[in-house]
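Novice: Got a structure here, written out as structure tokens. Questions coming.
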Amino acid sequence: MTRYPSPELKDLPEDMRARILEVQEKSGFVPNVFLALARRPAEWRAFFAYHDALMLKETGSLTKGDREMIVTTTSAANNCLYCVVAHGAILRIYEKKPLVADQVAVNYRKADITPRQRAMLDFAMKVCLRSHEIDDNDFTALKQHGFDDEDAWDIAAITAFFGLSNRIASFSNMMPNPEFYLMGRVPREKK
């Protein structure tokens, strides 16, 4: 799974074990990131607290699909296999368009997305690759598509957080679970 050994679920602190079991119940498997990062409990808690603050946020104009599209696109730019596959799967489910995740992972500029999503991803990619060049024109471009300054912050924060995640996943050789490859492409089996 990774270059570093993952702890056994039974050996984890109760709060971590409960969260992982909740994810397993919902998805049908334990995504490798949960166990790979569990080797350092304090960092695991901080990582998932910030992840949840960004990705499960109920305010702002970004949808869950928008958030996953940002992650998939910028993770592709960072060459992170784990995050492209895992978040591409979640994107397929939220957007209900199986091809879009593959398209944005390869070249969002040619993907079947809205002009609003294109502006969002243009901004995210600039944050990802050239954040030192962000200026007022970038915010103006977002505002033309209905994004406000708080939305811009969300786009940038998601991009930056997953830059960290991409680098941890890549250097540690974290591999995507096989289940991710079919999620959102074929109907889930009923239990």
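Simple scheme: letters A, B, ... for chains in structure tokens order, numbers from 1 for residues in each chain, numbers from 1 for ligands in the order shown.
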Tell me which protein, DNA and RNA residues are within 6 Å of range 56-71 of chain A, counting only C-alpha atoms, leaving out same-chain ones fewer than 5 positions away, and put them as number ranges by chain.
Specialist: A: 87, 91, 94-95
Novice: Within 10 Å of Ser27 in chain A, counting only C-alpha atoms, which residues show up once you throw out same-chain ones fewer than 4 positions away? Write them as a ChimeraX atom specification, please.
Specialist: /A:21-23,31,179-180,183,188
Novice: Enter the distance from CA of Lys97 in chain A to CA of Ile113 in chain A, in Å, rounded to one decimal.
Specialist: 10.1 Å
Novice: If you count only C-alpha atoms, which residues fall within 9 Å of range 172-175 of chain A, apart from same-chain ones fewer than 6 positions away, as a ChimeraX atom specification?
Specialist: /A:1-4,32-33,36,81-82
Novice: Write the residues of the selection above to a file with N, CA and C atoms, as a PDB file, in the first residue's frame.
Specialist:
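Once written, out-v9.pdb looks like this:
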```pdb
ATOM      1  N   MET A   1       0.823  -1.194   0.000  1.00  0.00           N
ATOM      2  CA  MET A   1       0.000   0.000   0.000  1.00  0.00           C
ATOM      3  C   MET A   1       0.866   1.257   0.000  1.00  0.00           C
ATOM      4  N   THR A   2       1.856   1.314   0.882  1.00  0.00           N
ATOM      5  CA  THR A   2       2.741   2.486   0.930  1.00  0.00           C
ATOM      6  C   THR A   2       4.143   2.042   1.287  1.00  0.00           C
ATOM      7  N   ARG A   3       5.045   2.993   1.182  1.00  0.00           N
ATOM      8  CA  ARG A   3       6.445   2.775   1.531  1.00  0.00           C
ATOM      9  C   ARG A   3       6.604   2.596   3.050  1.00  0.00           C
ATOM     10  N   TYR A   4       5.653   3.111   3.825  1.00  0.00           N
ATOM     11  CA  TYR A   4       5.697   3.038   5.288  1.00  0.00           C
ATOM     12  C   TYR A   4       4.615   2.078   5.774  1.00  0.00           C
ATOM     13  N   ASN A  32      -7.138   3.830   1.509  1.00  0.00           N
ATOM     14  CA  ASN A  32      -5.770   3.652   2.012  1.00  0.00           C
ATOM     15  C   ASN A  32      -5.227   4.866   2.751  1.00  0.00           C
ATOM     16  N   VAL A  33      -5.655   6.069   2.380  1.00  0.00           N
ATOM     17  CA  VAL A  33      -5.148   7.274   3.039  1.00  0.00           C
ATOM     18  C   VAL A  33      -5.422   7.250   4.538  1.00  0.00           C
ATOM     19  N   ALA A  36      -2.779   4.855   6.016  1.00  0.00           N
ATOM     20  CA  ALA A  36      -1.408   5.305   5.742  1.00  0.00           C
ATOM     21  C   ALA A  36      -1.019   6.475   6.647  1.00  0.00           C
ATOM     22  N   LEU A  81      -1.083  10.146  -8.277  1.00  0.00           N
ATOM     23  CA  LEU A  81      -1.932   9.039  -8.673  1.00  0.00           C
ATOM     24  C   LEU A  81      -3.044   8.794  -7.659  1.00  0.00           C
ATOM     25  N   TYR A  82      -2.700   8.721  -6.376  1.00  0.00           N
ATOM     26  CA  TYR A  82      -3.709   8.409  -5.361  1.00  0.00           C
ATOM     27  C   TYR A  82      -4.863   9.402  -5.412  1.00  0.00           C
TER      28      TYR A  82
END
```
Novice: Please provide as a ChimeraX atom specification all residues within 9 Å of range 114-118 of chain A, with the sequence filter that same-chain residues fewer than 5 positions apart are discarded (counting only C-alpha atoms).
Specialist: /A:66,69,108-109,123,142,144-147
Novice: Among range 29-145 of chain A, which residues carry a DSSP assignment of alpha helix (DSSP H), reported as a PyMOL selection string?
Specialist: chain A and resi 32-36+41-55+64-77+81-95+98-107+115-130+136-143
Novice: Which residues are near Glu8 in chain A? Cut-off 12 Å, only C-alpha atoms, ignore same chain within fewer than 4 positions. Put them as number ranges by chain.
Specialist: A: 12-13, 16-17, 20, 30, 34-39
Novice: For those residues, write C-alpha atoms to a file as a PDB file, in the first residue's frame.
Specialist:
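Output contents, as saved in out-v3.pdb:
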```
ATOM      1  CA  LEU A  12      -5.547   2.825  16.701  1.00  0.00           C
ATOM      2  CA  PRO A  13      -6.955   5.254  19.268  1.00  0.00           C
ATOM      3  CA  MET A  16      -9.580   7.337  14.830  1.00  0.00           C
ATOM      4  CA  ARG A  17     -10.894   3.792  14.705  1.00  0.00           C
ATOM      5  CA  ILE A  20     -12.373   4.872   9.876  1.00  0.00           C
ATOM      6  CA  VAL A  30     -11.236   1.680   3.999  1.00  0.00           C
ATOM      7  CA  PHE A  34      -6.897   6.680   6.368  1.00  0.00           C
ATOM      8  CA  LEU A  35      -4.525   3.913   7.425  1.00  0.00           C
ATOM      9  CA  ALA A  36      -1.408   5.305   5.742  1.00  0.00           C
ATOM     10  CA  LEU A  37      -1.636   8.575   7.703  1.00  0.00           C
ATOM     11  CA  ALA A  38      -2.713   6.843  10.929  1.00  0.00           C
ATOM     12  CA  ARG A  39       0.912   6.036  11.773  1.00  0.00           C
TER      13      ARG A  39
END
```
Novice: Any idea what the distance is between CA of Arg167 in chain A and CA of Val127 in chain A?
Specialist: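 Taking CA of Arg167 in chain A as the start and CA of Val127 in chain A as the end point, the length is 15.7 Å.
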Novice: Of the candidates A:Glu25, A:Glu43, A:Asp122, A:Glu14, which one gets nearest to Asn107 in chain A if we count only C-alpha atoms?
Specialist: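 Checking each of A:Glu25, A:Glu43, A:Asp122, A:Glu14 against Asn107 in chain A, counting only C-alpha atoms, the winner is A:Asp122.
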Novice: Go through A:Ala152, A:Ser6, A:Leu182, A:Ile93 and flag the residue nearest Asp135 in chain A, using only C-alpha atoms for the distances.
Specialist: A:Ala152
Novice: Between CA of Phe47 in chain A and CA of Glu150 in chain A, what is the distance, to one decimal in Å?
Specialist: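 Atom-to-atom, CA of Phe47 in chain A and CA of Glu150 in chain A are spaced 21.4 Å apart.
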Novice: What's the 8 Å shell around Ala77 in chain A, counting only C-alpha atoms, without same-chain residues fewer than 4 positions away, as a list in words?
Specialist: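 Once the nearby chain positions are removed, what remains is Thr73, Met125 and Cys128 of chain A.
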Novice: Print the selection's residues with C-alpha atoms to a file, as an mmCIF file, in the first residue's frame.
Specialist:
```cif
data_model
loop_
_atom_site.group_PDB
_atom_site.id
_atom_site.type_symbol
_atom_site.label_atom_id
_atom_site.label_comp_id
_atom_site.auth_asym_id
_atom_site.auth_seq_id
_atom_site.Cartn_x
_atom_site.Cartn_y
_atom_site.Cartn_z
ATOM 1 C CA THR A 73 -7.550 18.811 -11.572
ATOM 2 C CA MET A 125 -4.456 25.897 -11.442
ATOM 3 C CA CYS A 128 -1.368 25.340 -7.845
#
```
Novice: Might you pull out every residue within 12 Å of Lys96 in chain A, with only C-alpha atoms counted and same-chain residues fewer than 6 positions away left off, and present them as a VMD selection string?
Specialist: chain A and resid 64 to 65 88 to 90 183 to 187
